[in-house]
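Student: Provided below: my_file13.tsv, containing TSV, C-alpha atoms and all ligand atoms.
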```tsv
chain	number	residue	atom	x	y	z
A	132	MET	CA	98.70	94.54	86.79
A	133	GLN	CA	98.30	95.38	83.13
A	134	ILE	CA	95.02	97.14	82.32
A	135	GLN	CA	93.98	97.38	78.69
A	136	VAL	CA	90.91	99.31	77.59
A	137	ILE	CA	89.17	98.73	74.27
A	138	THR	CA	87.17	101.85	73.39
A	139	LEU	CA	86.04	104.17	70.61
A	140	PHE	CA	86.90	107.11	72.91
A	141	PRO	CA	90.45	106.59	74.19
A	142	GLU	CA	90.78	110.30	75.00
A	143	MET	CA	88.22	109.93	77.80
A	144	PHE	CA	90.74	107.91	79.83
A	145	LYS	CA	93.75	110.18	79.52
A	146	GLY	CA	92.91	112.48	82.46
A	147	VAL	CA	91.87	109.56	84.66
A	148	PHE	CA	95.07	107.58	84.02
A	149	SER	CA	97.33	110.58	84.48
A	150	SER	CA	95.99	111.80	87.84
A	151	SER	CA	95.94	110.90	91.49
A	152	MET	CA	95.96	107.28	92.65
A	153	LEU	CA	95.94	105.65	89.19
A	154	LEU	CA	99.02	107.67	88.22
A	155	LYS	CA	100.71	106.79	91.51
A	156	ALA	CA	100.04	103.08	90.89
A	157	GLU	CA	101.68	103.37	87.48
A	158	LYS	CA	104.69	105.25	88.86
A	159	LEU	CA	105.12	102.50	91.47
A	160	LYS	CA	104.97	99.96	88.60
A	161	LEU	CA	101.96	98.30	90.22
A	162	ALA	CA	99.67	99.10	87.28
A	163	ARG	CA	100.19	99.71	83.59
A	164	TYR	CA	97.49	101.13	81.30
A	165	SER	CA	97.04	100.82	77.56
A	166	LEU	CA	94.33	102.17	75.33
A	167	ILE	CA	93.19	100.20	72.32
A	168	ASP	CA	91.13	102.09	69.73
A	169	LEU	CA	88.31	99.82	68.59
A	170	ARG	CA	88.19	101.77	65.32
A	171	ASP	CA	91.56	100.19	64.37
A	172	PHE	CA	89.77	96.84	64.07
A	173	GLY	CA	86.87	98.15	61.97
A	174	LYS	CA	85.82	96.87	58.56
A	175	GLY	CA	86.85	98.39	55.22
A	176	PRO	CA	88.42	101.73	54.36
A	177	ARG	CA	86.07	103.57	56.77
A	178	HIS	CA	86.89	101.22	59.65
A	179	GLN	CA	83.22	100.49	60.23
A	180	VAL	CA	82.50	99.08	63.69
A	181	ASP	CA	78.69	99.13	63.83
A	182	ASP	CA	75.70	97.85	61.89
A	183	THR	CA	71.90	97.63	62.14
A	184	PRO	CA	70.33	94.96	64.37
A	185	TYR	CA	68.81	91.77	62.95
A	186	GLY	CA	65.09	91.80	63.64
A	187	GLY	CA	64.94	95.56	63.29
A	188	GLY	CA	64.94	98.30	65.88
A	189	ASP	CA	66.48	101.69	66.51
A	190	GLY	CA	70.15	102.41	66.59
A	191	MET	CA	73.29	100.58	65.67
A	192	LEU	CA	75.11	97.69	67.30
A	193	LEU	CA	78.83	97.13	67.59
A	194	MET	CA	79.69	94.26	65.28
A	195	VAL	CA	81.18	91.12	66.76
A	196	ASP	CA	84.28	90.93	64.53
A	197	PRO	CA	85.97	94.24	65.51
A	198	LEU	CA	85.26	93.47	69.18
A	199	VAL	CA	86.73	89.96	69.00
A	200	LYS	CA	89.78	91.13	67.01
A	201	ALA	CA	90.44	93.87	69.57
A	202	ILE	CA	90.16	91.33	72.42
A	203	GLU	CA	92.53	88.97	70.61
A	204	HIS	CA	94.99	91.83	70.13
A	205	ALA	CA	94.86	92.62	73.87
A	206	LYS	CA	95.22	88.92	74.76
A	207	LYS	CA	98.38	88.71	72.68
A	208	ALA	CA	99.96	91.28	74.99
A	209	ASP	CA	98.56	89.64	78.15
A	210	PRO	CA	97.27	86.09	77.49
A	211	GLU	CA	96.04	85.49	81.05
A	212	ALA	CA	94.08	88.73	81.43
A	213	SER	CA	90.39	88.60	82.35
A	214	VAL	CA	87.98	90.26	79.93
A	215	VAL	CA	85.40	92.53	81.57
A	216	LEU	CA	82.34	93.90	79.76
A	217	PRO	CA	80.47	96.76	81.48
A	218	THR	CA	76.78	96.37	80.65
A	219	PRO	CA	73.50	97.30	82.40
A	220	ARG	CA	72.58	93.61	81.99
A	221	GLY	CA	75.57	92.42	84.03
A	222	GLU	CA	75.94	91.28	87.63
A	223	ILE	CA	75.81	94.25	90.03
A	224	TYR	CA	79.36	95.39	90.75
A	225	THR	CA	80.15	95.78	94.45
A	226	GLN	CA	83.23	95.84	96.67
A	227	TYR	CA	83.07	92.04	96.64
A	228	GLN	CA	83.64	91.92	92.86
A	229	ALA	CA	86.38	94.57	93.17
A	230	ASN	CA	88.18	92.39	95.74
A	231	SER	CA	87.87	89.28	93.61
A	232	LEU	CA	89.32	91.04	90.56
A	233	ALA	CA	92.16	92.57	92.59
A	234	GLU	CA	93.02	89.19	94.09
A	235	GLN	CA	92.44	86.86	91.16
A	236	ALA	CA	92.85	88.71	87.88
A	237	LYS	CA	96.33	88.50	86.32
A	238	GLY	CA	95.45	91.45	84.11
A	239	LEU	CA	92.32	93.22	82.92
A	240	ILE	CA	90.90	93.91	79.48
A	241	LEU	CA	87.89	96.24	79.62
A	242	LEU	CA	85.65	96.24	76.60
A	243	CYS	CA	83.59	99.45	76.40
A	244	PRO	CA	80.36	99.21	74.39
A	245	ARG	CA	78.78	102.22	72.68
A	246	TYR	CA	75.76	102.98	70.52
A	247	GLU	CA	72.69	100.92	71.31
A	248	GLY	CA	74.74	97.89	72.28
A	249	TYR	CA	76.81	95.06	70.85
A	250	ASP	CA	76.35	91.74	69.09
A	251	GLU	CA	75.68	89.33	71.97
A	252	ARG	CA	78.04	86.71	70.50
A	253	VAL	CA	81.01	88.71	71.81
A	254	THR	CA	80.14	87.46	75.30
A	255	LYS	CA	81.79	84.13	74.34
A	256	TRP	CA	85.09	86.02	74.67
A	257	VAL	CA	84.14	87.75	77.94
A	258	ASP	CA	84.84	86.52	81.50
A	259	TYR	CA	82.75	89.01	83.49
A	260	GLN	CA	79.73	91.20	82.70
A	261	PHE	CA	79.21	93.91	85.32
A	262	SER	CA	76.65	96.65	85.89
A	263	ILE	CA	77.76	99.57	88.06
A	264	GLY	CA	74.17	100.20	89.20
A	265	ARG	CA	70.54	100.19	88.19
A	266	TYR	CA	70.71	103.13	85.81
A	267	VAL	CA	72.02	103.62	82.31
A	268	VAL	CA	75.00	105.74	81.28
A	269	THR	CA	76.11	106.47	77.74
A	270	GLY	CA	78.61	103.76	76.98
A	271	GLY	CA	80.97	101.54	78.90
A	272	GLU	CA	83.77	104.06	79.41
A	273	ILE	CA	82.64	105.57	82.71
A	274	PRO	CA	81.71	102.15	84.18
A	275	ALA	CA	85.15	100.88	83.04
A	276	MET	CA	86.81	103.78	84.89
A	277	VAL	CA	84.84	102.93	88.04
A	278	ILE	CA	85.92	99.29	87.83
A	279	ILE	CA	89.58	100.16	87.15
A	280	ASP	CA	89.76	102.65	90.03
A	281	SER	CA	88.13	100.27	92.50
A	282	VAL	CA	90.52	97.44	91.58
A	283	VAL	CA	93.79	99.39	91.34
A	284	ARG	CA	93.37	100.91	94.82
A	285	LEU	CA	93.22	97.36	96.21
A	286	ILE	CA	96.55	96.29	94.70
A	287	PRO	CA	98.88	95.92	97.70
A	288	GLY	CA	101.18	98.93	97.92
A	289	VAL	CA	99.00	101.38	95.99
A	290	LEU	CA	97.48	103.00	99.08
A	291	GLY	CA	99.44	103.60	102.28
A	292	GLY	CA	99.52	100.69	104.76
A	293	ALA	CA	97.22	102.26	107.36
A	294	LYS	CA	94.65	103.25	104.76
A	295	SER	CA	94.52	99.79	103.21
A	296	ALA	CA	93.95	98.17	106.60
A	297	GLU	CA	91.16	100.68	107.16
A	298	ILE	CA	89.56	99.71	103.88
A	299	GLU	CA	89.45	96.06	104.92
A	300	SER	CA	86.94	96.97	107.61
A	301	TYR	CA	84.62	98.56	105.02
A	302	GLN	CA	84.67	95.38	103.01
A	303	ASP	CA	82.27	93.87	105.47
A	304	GLY	CA	78.60	94.06	104.57
A	305	ASP	CA	76.91	97.40	104.34
A	306	LYS	CA	79.30	99.36	106.49
A	307	VAL	CA	80.90	102.47	105.07
A	308	GLU	CA	83.34	105.08	106.27
A	309	PHE	CA	82.30	107.08	109.36
A	310	PRO	CA	81.87	110.87	109.02
A	311	GLN	CA	85.00	112.93	109.62
A	312	TYR	CA	85.75	116.58	110.44
A	313	THR	CA	88.74	118.90	110.35
A	314	ARG	CA	89.37	122.49	111.46
A	315	PRO	CA	87.61	124.77	112.26
A	316	GLU	CA	85.79	123.35	115.26
A	317	VAL	CA	82.75	125.57	114.56
A	318	TYR	CA	81.80	126.54	111.01
A	319	ARG	CA	78.86	128.92	110.56
A	320	GLY	CA	77.39	127.58	113.76
A	321	LEU	CA	77.94	123.91	112.83
A	322	LYS	CA	79.93	122.12	115.53
A	323	VAL	CA	82.19	119.11	115.31
A	324	PRO	CA	80.72	116.27	117.46
A	325	LYS	CA	82.04	116.78	121.00
A	326	VAL	CA	83.31	113.24	121.40
A	327	LEU	CA	85.84	113.75	118.57
A	328	ILE	CA	87.56	116.59	120.44
A	329	SER	CA	87.35	114.81	123.80
A	330	GLY	CA	90.65	112.96	123.42
A	331	HIS	CA	89.02	109.73	124.71
A	332	HIS	CA	90.25	107.14	122.25
A	333	GLN	CA	87.81	104.43	123.29
A	334	GLU	CA	84.81	106.77	123.09
A	335	ILE	CA	85.95	108.02	119.71
A	336	ALA	CA	86.30	104.45	118.47
A	337	ASN	CA	82.81	103.62	119.78
A	338	TRP	CA	81.29	106.71	118.14
A	339	ARG	CA	82.95	105.83	114.83
A	340	ALA	CA	81.82	102.19	115.02
A	341	GLY	CA	78.26	103.38	115.62
A	342	ASN	CA	78.35	105.73	112.64
A	343	MET	CA	79.52	103.31	109.96
A	344	LEU	CA	76.18	103.12	108.27
A	345	ARG	CA	75.10	104.23	104.87
A	346	GLY	CA	73.50	107.68	104.52
A	347	LYS	CA	69.92	107.80	103.24
B	401	LIG	N1	76.49	100.83	80.35
B	401	LIG	C1	75.44	101.65	80.45
B	401	LIG	N2	74.96	101.68	81.69
B	401	LIG	C2	75.74	100.85	82.43
B	401	LIG	C3	75.76	100.45	83.78
B	401	LIG	N3	74.88	100.91	84.67
B	401	LIG	N4	76.70	99.58	84.17
B	401	LIG	C4	77.60	99.11	83.29
B	401	LIG	N5	77.63	99.43	81.99
B	401	LIG	C5	76.71	100.30	81.57
```
Rewrite the coordinates I just gave you, this time as structure tokens.
Ligand code: ADE
Tutor:
Amino acid sequence: MQIQVITLFPEMFKGVFSSSMLLKAEKLKLARYSLIDLRDFGKGPRHQVDDTPYGGGDGMLLMVDPLVKAIEHAKKADPEASVVLPTPRGEIYTQYQANSLAEQAKGLILLCPRYEGYDERVTKWVDYQFSIGRYVVTGGEIPAMVIIDSVVRLIPGVLGGAKSAEIESYQDGDKVEFPQYTRPEVYRGLKVPKVLISGHHQEIANWRAGNMLRGK
């Protein structure tokens, strides 16, 4: 899957793309990343990308033209890619949306807003608007990283076989991974639950099934 990111801060992605699972996916040729600098599509000699909002108000908005030109540039490289806009106004992003993107998207183009927002008309060129939660972060870059990570790990072959099967079970409803422990058996007086060192596979499975609930 080709993943293209349109951003004013391409350097933010370099560490993320060159580490751990996302790097592994690229080495396995299951994912390919490219960074598109929105500034390259700005207006005039200063490559202006933002302007003041009609109707007044604080801050600057990303102008529609640089955003659309950057999307068109990305589409040229991957015409069937889905365009994703991280925004606090979007649909809440959950494992369900991650699954749908991993299964259905031919490629991804992530458009990262900055400043106080963007000209709403750009949404005509966008397939999905997602919010990563009911809070606000500074710009779309970190939400884009969350979305990319959650999708790439679902591409068949990126994680080991056993692990991917395991993930399937967490896809269902509100269940999450059960708590796990490794050596030592006692740490500063804190003991590993007895059942886990009992060697009884069925009891261990039951304990794990009963502990797949979200922490408070
Ligand atoms: N941009 C700022 N906050 C965001 C959020 N919670 N989700 C997606 N994009 C955002």
Student: Can you pull out every residue within 12 Å of segment 182-185 of chain A, counting only C-alpha atoms, but drop anything in the same chain fewer than 3 positions away, and send it as JSON, numbers by chain?
Tutor: {"A": [173, 174, 178, 179, 188, 189, 190, 191, 192, 193, 194, 195, 196, 197, 246, 247, 248, 249, 250, 251]}
Student: Using C-alpha atoms, can you export the residues from the last selection as a PDB file, keeping the file's coordinate frame?
Tutor:
```pdb
ATOM      1  CA  GLY A 173      86.870  98.150  61.970  1.00  0.00           C
ATOM      2  CA  LYS A 174      85.820  96.870  58.560  1.00  0.00           C
ATOM      3  CA  HIS A 178      86.890 101.220  59.650  1.00  0.00           C
ATOM      4  CA  GLN A 179      83.220 100.490  60.230  1.00  0.00           C
ATOM      5  CA  GLY A 188      64.940  98.300  65.880  1.00  0.00           C
ATOM      6  CA  ASP A 189      66.480 101.690  66.510  1.00  0.00           C
ATOM      7  CA  GLY A 190      70.150 102.410  66.590  1.00  0.00           C
ATOM      8  CA  MET A 191      73.290 100.580  65.670  1.00  0.00           C
ATOM      9  CA  LEU A 192      75.110  97.690  67.300  1.00  0.00           C
ATOM     10  CA  LEU A 193      78.830  97.130  67.590  1.00  0.00           C
ATOM     11  CA  MET A 194      79.690  94.260  65.280  1.00  0.00           C
ATOM     12  CA  VAL A 195      81.180  91.120  66.760  1.00  0.00           C
ATOM     13  CA  ASP A 196      84.280  90.930  64.530  1.00  0.00           C
ATOM     14  CA  PRO A 197      85.970  94.240  65.510  1.00  0.00           C
ATOM     15  CA  TYR A 246      75.760 102.980  70.520  1.00  0.00           C
ATOM     16  CA  GLU A 247      72.690 100.920  71.310  1.00  0.00           C
ATOM     17  CA  GLY A 248      74.740  97.890  72.280  1.00  0.00           C
ATOM     18  CA  TYR A 249      76.810  95.060  70.850  1.00  0.00           C
ATOM     19  CA  ASP A 250      76.350  91.740  69.090  1.00  0.00           C
ATOM     20  CA  GLU A 251      75.680  89.330  71.970  1.00  0.00           C
TER      21      GLU A 251
END
```
Student: List as a compact mmCIF listing (two decimals) with C-alpha atoms, in the coordinates of the input: which residues have an atom within 9 Å of (91.9, 99.0, 68.4), counting all atoms listed in the file?
Tutor:
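Once written, selection_23.txt looks like this:
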```txt
# COMPACT_ATOMS: atom_id res chain seq x y z
CA ILE A 137 89.17 98.73 74.27
CA THR A 138 87.17 101.85 73.39
CA LEU A 139 86.04 104.17 70.61
CA LEU A 166 94.33 102.17 75.33
CA ILE A 167 93.19 100.20 72.32
CA ASP A 168 91.13 102.09 69.73
CA LEU A 169 88.31 99.82 68.59
CA ARG A 170 88.19 101.77 65.32
CA ASP A 171 91.56 100.19 64.37
CA PHE A 172 89.77 96.84 64.07
CA GLY A 173 86.87 98.15 61.97
CA PRO A 197 85.97 94.24 65.51
CA LEU A 198 85.26 93.47 69.18
CA LYS A 200 89.78 91.13 67.01
CA ALA A 201 90.44 93.87 69.57
CA ILE A 202 90.16 91.33 72.42
CA HIS A 204 94.99 91.83 70.13
CA ALA A 205 94.86 92.62 73.87
```
Student: Please identify all protein, DNA and RNA residues within 7 Å of ligand LIG 401 (chain B), counting all atoms listed in the file, and report them as an mmCIF file with C-alpha atoms, keeping the file's coordinate frame.
Tutor:
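Full text of part-v4.cif as output:
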```cif
data_model
loop_
_atom_site.group_PDB
_atom_site.id
_atom_site.type_symbol
_atom_site.label_atom_id
_atom_site.label_comp_id
_atom_site.auth_asym_id
_atom_site.auth_seq_id
_atom_site.Cartn_x
_atom_site.Cartn_y
_atom_site.Cartn_z
ATOM 1 C CA PRO A 217 80.470 96.760 81.480
ATOM 2 C CA THR A 218 76.780 96.370 80.650
ATOM 3 C CA PRO A 219 73.500 97.300 82.400
ATOM 4 C CA PHE A 261 79.210 93.910 85.320
ATOM 5 C CA SER A 262 76.650 96.650 85.890
ATOM 6 C CA ILE A 263 77.760 99.570 88.060
ATOM 7 C CA GLY A 264 74.170 100.200 89.200
ATOM 8 C CA ARG A 265 70.540 100.190 88.190
ATOM 9 C CA TYR A 266 70.710 103.130 85.810
ATOM 10 C CA VAL A 267 72.020 103.620 82.310
ATOM 11 C CA VAL A 268 75.000 105.740 81.280
ATOM 12 C CA THR A 269 76.110 106.470 77.740
ATOM 13 C CA GLY A 270 78.610 103.760 76.980
ATOM 14 C CA GLY A 271 80.970 101.540 78.900
ATOM 15 C CA PRO A 274 81.710 102.150 84.180
#
```
Student: So the first atom is atom CA of Pro324 of chain A and the second is atom CA of Tyr312 of chain A; what is the distance between them in Å, to one decimal place?
Tutor: 8.6 Å
Student: Pick out the residues sitting within 9 Å of Ala162 of chain A, and hand them over as a VMD selection string; count all atoms listed in the file, and ignore anything fewer than 4 positions along from it in its own chain.
Tutor: chain A and resid 132 to 134 153 to 158 283 286
Student: Under the rule that all atoms listed in the file are counted, which of A:Val326, A:Val215, A:Cys243, A:Met276 is the nearest residue to Phe148 of chain A?
Tutor: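 Counting all atoms listed in the file, the residue closest to Phe148 of chain A is A:Met276.
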Student: Fewer than 5 positions away in the same chain doesn't count, so skip those; otherwise give me all residues within 9 Å of Ser281 of chain A, counting all atoms listed in the file, as an MDAnalysis selection string.
Tutor: chainID A and resid 226 229:230 233 276
Student: Based on the selection just made, write C-alpha atoms of those residues as a tab-separated table (two decimals), in the frame of the given file.
Tutor:
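File produced: part33.tsv:
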```
chain	number	residue	atom	x	y	z
A	226	GLN	CA	83.23	95.84	96.67
A	229	ALA	CA	86.38	94.57	93.17
A	230	ASN	CA	88.18	92.39	95.74
A	233	ALA	CA	92.16	92.57	92.59
A	276	MET	CA	86.81	103.78	84.89
```
Student: How big is the axis-aligned box around the listed atoms of segment 207-226 of chain A once 8 Å is added on each side, and where is its centre? Give both in Å to one decimal, as AutoDock Vina command-line options.
Tutor:
```
--center_x 86.3 --center_y 91.4 --center_z 84.7 --size_x 43.4 --size_y 27.8 --size_z 40.0
```
Student: List the neighbours of Gln311 of chain A out to 12 Å using all atoms listed in the file; skip same-chain residues closer than 5 positions along the sequence, and give me the result as JSON, numbers by chain.
Tutor: {"A": [316, 323, 324, 326, 327, 328, 335, 338, 339, 342, 343]}
Student: So that I can check the surroundings of Val214 of chain A, please list as a PyMOL selection string every protein, DNA and RNA residue that reaches within 10 Å of it, counting only C-alpha atoms and ignoring chain neighbours fewer than 4 positions away.
Tutor: chain A and resi 135-136+202+205-206+236+238-242+254+256-260
